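Novice: Contents of run-v4.txt (compact mmCIF, C-alpha atoms) are below:
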```
# COMPACT_ATOMS: atom_id res chain seq x y z
CA MET G 21 291.09 26.91 -6.80
CA LEU G 22 288.57 29.61 -5.87
CA GLY G 23 284.94 28.60 -6.05
CA LEU G 24 281.45 30.04 -5.78
CA PHE G 25 280.57 33.30 -4.06
CA ASP G 26 277.14 33.53 -2.41
CA SER G 27 276.32 37.23 -2.55
CA HIS G 28 273.18 37.08 -0.37
CA ALA G 29 272.40 34.71 2.51
CA HIS G 30 270.63 34.71 5.89
CA TYR G 31 272.55 32.26 8.08
CA ASP G 32 271.25 33.92 11.22
CA ASP G 33 267.79 32.52 10.41
CA ASP G 34 266.45 30.19 13.11
CA ARG G 35 265.64 27.53 10.53
CA PHE G 36 269.30 26.57 10.31
CA VAL G 37 269.39 25.88 14.04
CA GLU G 38 266.13 23.94 13.88
CA GLU G 39 266.47 22.02 10.61
CA PHE G 40 270.10 21.73 9.44
CA GLU G 41 272.38 19.03 10.82
CA GLY G 42 274.98 20.83 12.88
CA GLY G 43 272.92 24.02 12.91
CA THR G 44 274.20 27.30 11.47
CA ASP G 45 277.85 26.33 11.82
CA GLY G 46 277.15 22.98 10.20
CA ALA G 47 275.55 24.63 7.17
CA ILE G 48 278.35 27.16 6.75
CA ARG G 49 281.11 24.57 7.09
CA LYS G 50 279.38 22.16 4.72
CA ALA G 51 279.06 24.91 2.10
CA ALA G 52 282.75 25.76 2.47
CA SER G 53 283.71 22.11 2.04
CA GLU G 54 281.69 22.02 -1.19
CA GLY G 55 283.47 24.87 -2.92
CA VAL G 56 281.87 28.06 -1.57
CA CYS G 57 284.67 30.57 -1.03
CA GLY G 58 282.67 33.61 0.09
CA ILE G 59 279.32 34.42 1.68
CA VAL G 60 277.65 37.76 2.34
CA ASN G 61 275.20 37.51 5.23
CA VAL G 62 272.46 40.12 5.00
CA GLY G 63 270.52 41.74 7.81
CA SER G 64 266.84 42.70 7.77
CA ASN G 65 266.58 44.50 11.12
CA ILE G 66 268.91 45.58 13.91
CA GLU G 67 269.09 42.14 15.54
CA THR G 68 269.83 40.26 12.32
CA SER G 69 272.29 42.94 11.26
CA GLU G 70 274.17 42.48 14.54
CA ASN G 71 274.04 38.71 13.98
CA SER G 72 275.51 39.20 10.51
CA VAL G 73 278.42 41.14 11.96
CA ASP G 74 278.96 38.40 14.54
CA LEU G 75 279.11 35.77 11.79
CA ALA G 76 281.54 37.90 9.81
CA GLU G 77 283.79 38.17 12.85
CA LYS G 78 283.66 34.41 13.36
CA TYR G 79 284.38 33.32 9.76
CA SER G 80 287.05 34.88 7.56
CA PHE G 81 285.07 34.19 4.36
CA ILE G 82 281.79 35.72 5.60
CA TYR G 83 281.00 39.41 5.20
CA ALA G 84 278.08 41.40 6.58
CA VAL G 85 275.40 43.69 5.19
CA VAL G 86 273.40 45.75 7.68
CA GLY G 87 270.05 47.46 7.32
CA ILE G 88 266.30 47.44 7.87
CA HIS G 89 264.06 45.54 5.44
CA PRO G 90 260.85 47.36 4.39
CA SER G 91 258.64 44.85 6.18
CA ASP G 92 260.67 45.25 9.37
CA ALA G 93 260.49 49.03 9.00
CA GLN G 94 256.70 48.81 9.17
CA ARG G 95 256.81 46.85 12.42
CA LEU G 96 259.29 49.11 14.15
CA PRO G 97 257.66 51.47 16.69
CA ALA G 98 257.85 55.11 15.66
CA SER G 99 259.66 55.91 18.90
CA MET G 100 262.56 53.69 17.78
CA THR G 101 263.01 55.15 14.29
CA ASP G 102 265.94 57.46 15.04
CA SER G 103 267.76 54.98 17.25
CA ALA G 104 267.40 52.19 14.66
CA LEU G 105 268.80 54.33 11.85
CA TYR G 106 271.63 55.49 14.10
CA LYS G 107 272.45 51.85 14.87
CA VAL G 108 272.57 50.98 11.16
CA GLU G 109 275.06 53.78 10.59
CA GLU G 110 277.20 52.67 13.53
CA LEU G 111 277.21 49.03 12.42
CA ALA G 112 278.17 50.14 8.92
CA LYS G 113 281.51 51.32 10.26
CA HIS G 114 282.60 47.75 11.08
CA GLU G 115 285.51 46.62 8.91
CA LYS G 116 283.64 43.59 7.58
CA VAL G 117 280.39 45.38 6.70
CA VAL G 118 280.37 45.69 2.91
CA ALA G 119 276.95 47.22 2.11
CA ILE G 120 273.70 48.65 3.49
CA GLY G 121 270.71 46.32 3.14
CA GLU G 122 268.58 44.76 2.53
CA ILE G 123 266.51 47.87 2.00
CA GLY G 124 263.77 48.84 -0.41
CA LEU G 125 260.01 48.53 -0.84
CA ASP G 126 257.65 45.56 -0.52
CA TYR G 127 254.02 46.00 -1.59
CA HIS G 128 253.15 42.30 -1.74
CA TYR G 129 250.94 42.07 1.34
CA ASP G 130 247.69 43.92 2.04
CA PHE G 131 248.92 45.50 5.27
CA LEU G 132 251.10 48.30 3.97
CA ASP G 133 252.53 51.52 5.24
CA LYS G 134 254.09 52.81 2.04
CA ASP G 135 255.12 56.12 3.57
CA ARG G 136 257.01 54.43 6.40
CA GLN G 137 258.72 52.03 4.00
CA ALA G 138 259.74 54.95 1.79
CA TYR G 139 261.06 56.93 4.77
CA PHE G 140 263.36 54.11 5.90
CA PHE G 141 264.44 53.38 2.33
CA ASP G 142 265.38 57.00 1.66
CA ALA G 143 267.08 57.41 5.04
CA GLN G 144 269.23 54.32 4.50
CA MET G 145 270.19 55.47 1.02
CA GLN G 146 271.46 58.61 2.72
CA ILE G 147 273.41 56.50 5.22
CA ALA G 148 274.98 54.53 2.37
CA ARG G 149 276.11 57.74 0.72
CA LYS G 150 277.49 59.06 4.01
CA VAL G 151 279.52 55.94 4.84
CA GLY G 152 280.54 55.23 1.24
CA LEU G 153 278.96 51.80 0.86
CA PRO G 154 276.78 50.28 -1.89
CA VAL G 155 273.23 49.08 -1.18
CA VAL G 156 271.42 45.75 -1.47
CA ILE G 157 267.88 46.33 -2.73
CA HIS G 158 264.76 44.31 -2.03
CA THR G 159 261.79 45.22 -4.21
CA ARG G 160 258.55 43.31 -4.50
CA ASP G 161 255.52 44.52 -6.46
CA ALA G 162 257.00 48.01 -6.14
CA PHE G 163 259.51 48.40 -8.95
CA GLY G 164 258.36 51.82 -10.15
CA ASP G 165 258.40 53.41 -6.70
CA THR G 166 261.73 51.73 -5.98
CA LEU G 167 263.28 53.31 -9.07
CA ASP G 168 261.88 56.70 -8.09
CA ILE G 169 263.77 56.59 -4.79
CA LEU G 170 266.93 55.21 -6.38
CA ASN G 171 266.88 58.05 -8.89
CA ARG G 172 266.94 60.55 -6.01
CA HIS G 173 270.35 59.16 -5.04
CA PRO G 174 272.33 58.96 -8.29
CA ASP G 175 275.64 58.80 -6.42
CA VAL G 176 274.67 55.59 -4.60
CA THR G 177 275.00 52.32 -6.47
CA GLY G 178 274.00 48.80 -5.56
CA VAL G 179 272.58 45.43 -6.50
CA MET G 180 269.01 44.34 -7.16
CA HIS G 181 268.94 41.12 -5.18
CA SER G 182 267.04 37.98 -6.23
CA TYR G 183 266.01 39.74 -9.42
CA SER G 184 262.54 39.04 -10.78
CA GLY G 185 262.00 41.99 -13.12
CA SER G 186 262.12 42.28 -16.88
CA ALA G 187 265.15 42.11 -19.13
CA GLU G 188 264.58 45.70 -20.22
CA SER G 189 264.50 46.98 -16.63
CA ALA G 190 267.70 45.03 -15.91
CA ARG G 191 269.34 46.61 -18.95
CA GLN G 192 268.38 50.11 -17.79
CA LEU G 193 269.72 49.48 -14.30
CA CYS G 194 273.01 48.11 -15.58
CA GLU G 195 273.46 51.18 -17.79
CA LYS G 196 273.36 53.21 -14.55
CA GLY G 197 276.07 51.01 -13.03
CA TRP G 198 273.85 48.68 -11.03
CA TYR G 199 274.44 44.97 -10.53
CA ILE G 200 271.78 42.27 -10.91
CA SER G 201 271.76 39.14 -8.75
CA PHE G 202 269.98 35.88 -9.56
CA SER G 203 268.85 33.23 -7.08
CA GLY G 204 267.05 29.87 -7.17
CA PRO G 205 264.11 30.96 -9.36
CA VAL G 206 266.43 31.21 -12.38
CA THR G 207 266.40 27.38 -12.30
CA TYR G 208 262.60 27.13 -12.31
CA LYS G 209 260.95 25.79 -15.45
CA ASN G 210 258.45 28.61 -15.97
CA ALA G 211 260.65 31.53 -14.87
CA ASN G 212 260.96 32.85 -18.42
CA LYS G 213 261.21 36.53 -17.46
CA VAL G 214 264.04 35.86 -15.03
CA LYS G 215 265.89 33.73 -17.58
CA GLU G 216 265.57 36.47 -20.22
CA ALA G 217 267.11 38.95 -17.79
CA ALA G 218 269.94 36.55 -16.91
CA ALA G 219 270.76 36.25 -20.59
CA ILE G 220 271.27 39.98 -21.23
CA VAL G 221 272.90 41.35 -18.06
CA PRO G 222 276.46 42.45 -18.95
CA ALA G 223 279.14 40.02 -17.84
CA ASP G 224 280.61 42.54 -15.40
CA LYS G 225 277.27 43.22 -13.67
CA ILE G 226 275.88 39.75 -12.87
CA LEU G 227 275.90 38.09 -9.44
CA ILE G 228 274.44 34.88 -8.03
CA GLU G 229 273.06 34.17 -4.57
CA THR G 230 271.00 31.74 -2.55
CA ASP G 231 268.89 34.05 -0.36
CA CYS G 232 269.07 30.99 1.90
CA PRO G 233 267.26 29.50 3.70
CA TYR G 234 264.70 30.68 1.11
CA LEU G 235 264.27 30.07 -2.64
CA PRO G 236 266.02 26.71 -3.06
CA PRO G 237 266.90 25.90 -6.69
CA VAL G 238 265.81 22.90 -8.70
CA PRO G 239 266.28 20.02 -7.82
CA HIS G 240 265.93 21.02 -4.15
CA ARG G 241 262.66 22.95 -4.17
CA GLY G 242 260.82 22.46 -0.89
CA GLU G 243 264.05 21.93 1.05
CA LEU G 244 266.01 24.24 3.31
CA ASN G 245 268.35 26.18 1.05
CA TYR G 246 272.04 26.73 1.82
CA SER G 247 275.09 27.93 -0.10
CA GLY G 248 276.05 24.45 -1.26
CA TYR G 249 273.00 24.46 -3.54
CA MET G 250 274.21 27.55 -5.37
CA LYS G 251 276.00 25.30 -7.86
CA HIS G 252 272.60 24.69 -9.48
CA THR G 253 271.96 28.41 -9.85
CA CYS G 254 275.44 28.87 -11.29
CA GLN G 255 274.87 26.05 -13.79
CA ALA G 256 271.53 27.55 -14.86
CA VAL G 257 273.13 30.95 -15.45
CA ALA G 258 275.96 29.28 -17.39
CA ASP G 259 273.49 27.39 -19.60
CA ILE G 260 271.40 30.50 -20.24
CA ARG G 261 274.47 32.52 -21.24
CA GLY G 262 276.13 29.73 -23.22
CA ILE G 263 279.28 29.57 -21.11
CA SER G 264 280.88 26.93 -18.91
CA PHE G 265 280.10 26.44 -15.24
CA GLU G 266 283.67 27.41 -14.39
CA GLU G 267 283.39 30.65 -16.35
CA ALA G 268 280.07 31.56 -14.71
CA ALA G 269 281.56 30.87 -11.28
CA ARG G 270 284.62 32.99 -12.04
CA ILE G 271 282.66 35.92 -13.45
CA THR G 272 280.15 36.07 -10.61
CA ARG G 273 282.85 35.60 -7.98
CA GLU G 274 285.00 38.40 -9.40
CA ASN G 275 281.97 40.67 -9.75
CA ALA G 276 280.98 40.06 -6.13
CA CYS G 277 284.48 40.85 -4.90
CA ARG G 278 284.59 44.04 -6.95
CA PHE G 279 281.09 45.16 -5.92
CA PHE G 280 281.62 44.53 -2.20
CA GLY G 281 285.27 45.58 -2.15
CA ILE G 282 286.49 42.15 -1.06
CA SER G 283 289.84 40.47 -1.73
CA LEU G 284 289.89 36.68 -1.52
```
How would this structure read if it were set down as structure tokens?
Specialist:
Amino acid sequence: MLGLFDSHAHYDDDRFVEEFEGGTDGAIRKAASEGVCGIVNVGSNIETSENSVDLAEKYSFIYAVVGIHPSDAQRLPASMTDSALYKVEELAKHEKVVAIGEIGLDYHYDFLDKDRQAYFFDAQMQIARKVGLPVVIHTRDAFGDTLDILNRHPDVTGVMHSYSGSAESARQLCEKGWYISFSGPVTYKNANKVKEAAAIVPADKILIETDCPYLPPVPHRGELNYSGYMKHTCQAVADIRGISFEEAARITRENACRFFGISL
């Protein structure tokens, strides 16, 4: 029986080596033994994108997403801009790379270079169009500007990962063909806005994820997150939508496979 599909993880994070029994391999194998049938490992810079490809080569049920996160884009020396974007495009040609990401805008911290973030975001949207892949979007305190850039690329579709926006914004995105992914916060007691969005996303546009090792769901807040904890996120989505756990797992798994072009 097929199980849960984790549509966004970061198993190349050093915390798995430092904190999880058995390290990265231990976490991945434990998740697989607990009913996780697919994992998409997502890059945030060139190194982590290469690591994601390595993991995808090592495990048949892991797939890779490659790209440069807005925060990493700010830290990248200007002299390396062209070479970094070229590397993203080259990595995207690997047979197990299923999307470009995570890319987008992040205005949360005071130290910002909005122009540089926007440049990398737009350039990677162009790469996605060129190589024929969807995108995985990170947006934080920048939803309006994010939509402005997305609207410049109407022929590129994608997923809003770890969604924290309004139900109305989710509805508008889904009408344009976008997917919406929910992570641990959908289990949090006071996450009313996220729960409202999870209730109205069309059944064929909803995904679930861990964003591990970050954002662990209730009852594991404060712990290192891994794909085995996604069952709590799945149960929360099922409860919100008034369906069974098994149905929520099936819907989100099938949506992930369709979105990423994966056959299990």
Novice: Calculate how many Å separate atom CA of G:Met145 from atom CA of G:Leu96, rounding to one decimal.
Specialist: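 Taking atom CA of G:Met145 as the start and atom CA of G:Leu96 as the end point, the length is 18.2 Å.
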Novice: Write out as a compact mmCIF listing (two decimals) with C-alpha atoms, in the coordinates of the input which residues come within 10 Å of G:Arg35 when counting only C-alpha atoms, dropping same-chain ones fewer than 5 positions away.
Specialist:
```txt
# COMPACT_ATOMS: atom_id res chain seq x y z
CA HIS G 30 270.63 34.71 5.89
CA PHE G 40 270.10 21.73 9.44
CA GLY G 43 272.92 24.02 12.91
CA THR G 44 274.20 27.30 11.47
CA CYS G 232 269.07 30.99 1.90
CA PRO G 233 267.26 29.50 3.70
CA TYR G 234 264.70 30.68 1.11
CA LEU G 244 266.01 24.24 3.31
CA ASN G 245 268.35 26.18 1.05
```
Novice: Just how far from atom CA of G:Thr68 is atom CA of G:Ser182, in Å to one decimal?
Specialist: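 That distance, rounded to one decimal, is 18.9 Å.
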Novice: Determine, counting all atoms listed in the file, which protein, DNA and RNA residues have an atom within 9 Å of an atom of stretch 86-94 of chain G; residues of the same chain fewer than 3 positions away are not included. Present the result as number ranges by chain.
Specialist: G: 61-66, 68-70, 72-73, 97, 101, 104-105, 108-109, 111-112, 117-126, 132-134, 136-141, 144, 158-159
Novice: Looking at only C-alpha atoms, which of G:Glu39, G:Met180, G:Val60, G:Asp231 is the one that sits closest to G:Arg273?
Specialist: G:Val60
Novice: For G:Arg149, which residue among G:His173, G:His28, G:Lys50, G:Arg95 is the nearest when counting only C-alpha atoms?
Specialist: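 Smallest distance to G:Arg149 is found for G:His173.
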Novice: Could you tell me how far atom CA of G:Ser27 lies from atom CA of G:Glu229, in Å and to one decimal?
Specialist: 4.9 Å
Novice: Please provide as a list of chain:residue names all residues within 10 Å of G:Pro236, with the sequence filter that same-chain residues fewer than 5 positions apart are discarded (counting all atoms listed in the file).
Specialist: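 My reading of the contact set: G:Ser203, G:Gly204, G:Pro205, G:Thr207, G:Tyr208, G:Thr230, G:Asp231, G:Arg241, G:Gly242, G:Glu243, G:Leu244, G:Asn245, G:Tyr246, G:Ser247, G:Tyr249, G:Met250, G:His252, G:Thr253.
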Novice: Produce the centre coordinates and the three edge lengths, each in Å to one decimal, of the box along x, y and z that contains all listed atoms of stretch 227-239 of chain G with 5 Å added on each side, as AutoDock Vina command-line options.
Specialist:
```
--center_x 270.1 --center_y 29.1 --center_z -2.9 --size_x 21.6 --size_y 28.1 --size_z 23.1
```
Novice: Between G:Val151, G:Val156, G:Cys57, G:Ile228, which has the minimum distance to G:Trp198 (counting only C-alpha atoms)?
Specialist: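 Among the listed residues, G:Val156 lies closest to G:Trp198.
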Novice: Give the answer as one residue: which of G:Leu167, G:Met100, G:Ala268, G:Val56 has the shortest atom-to-atom distance to G:Gln255, using only C-alpha atoms?
Specialist: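 Using only C-alpha atoms, G:Gln255 sits closest to G:Ala268.
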Novice: For G:Lys209, work out the shell of residues within 12 Å, counting all atoms listed in the file and skipping chain neighbours fewer than 6 positions away, then give it as a short mmCIF file (atom, residue, chain, number, x, y, z; two decimals) with C-alpha atoms, keeping the file's coordinate frame.
Specialist:
```
data_model
loop_
_atom_site.label_atom_id
_atom_site.label_comp_id
_atom_site.auth_asym_id
_atom_site.auth_seq_id
_atom_site.Cartn_x
_atom_site.Cartn_y
_atom_site.Cartn_z
CA LYS G 215 265.89 33.73 -17.58
CA PRO G 237 266.90 25.90 -6.69
CA VAL G 238 265.81 22.90 -8.70
CA PRO G 239 266.28 20.02 -7.82
CA ARG G 241 262.66 22.95 -4.17
CA ALA G 256 271.53 27.55 -14.86
#
```
Novice: If we count only C-alpha atoms and set the cut-off at 8 Å, which residues sit around G:Val257, ignoring sequence neighbours fewer than 2 positions away in its own chain? Please answer as a ChimeraX atom specification.
Specialist: /G:206,218-219,253-255,259-261,268
Novice: Would you mind telling me which residue in G:Phe36, G:Tyr106, G:Phe265, G:Tyr79 lies nearest to G:Gly58 when using all atoms listed in the file?
Specialist: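 With all atoms listed in the file as the atom set, the closest residue is G:Tyr79.
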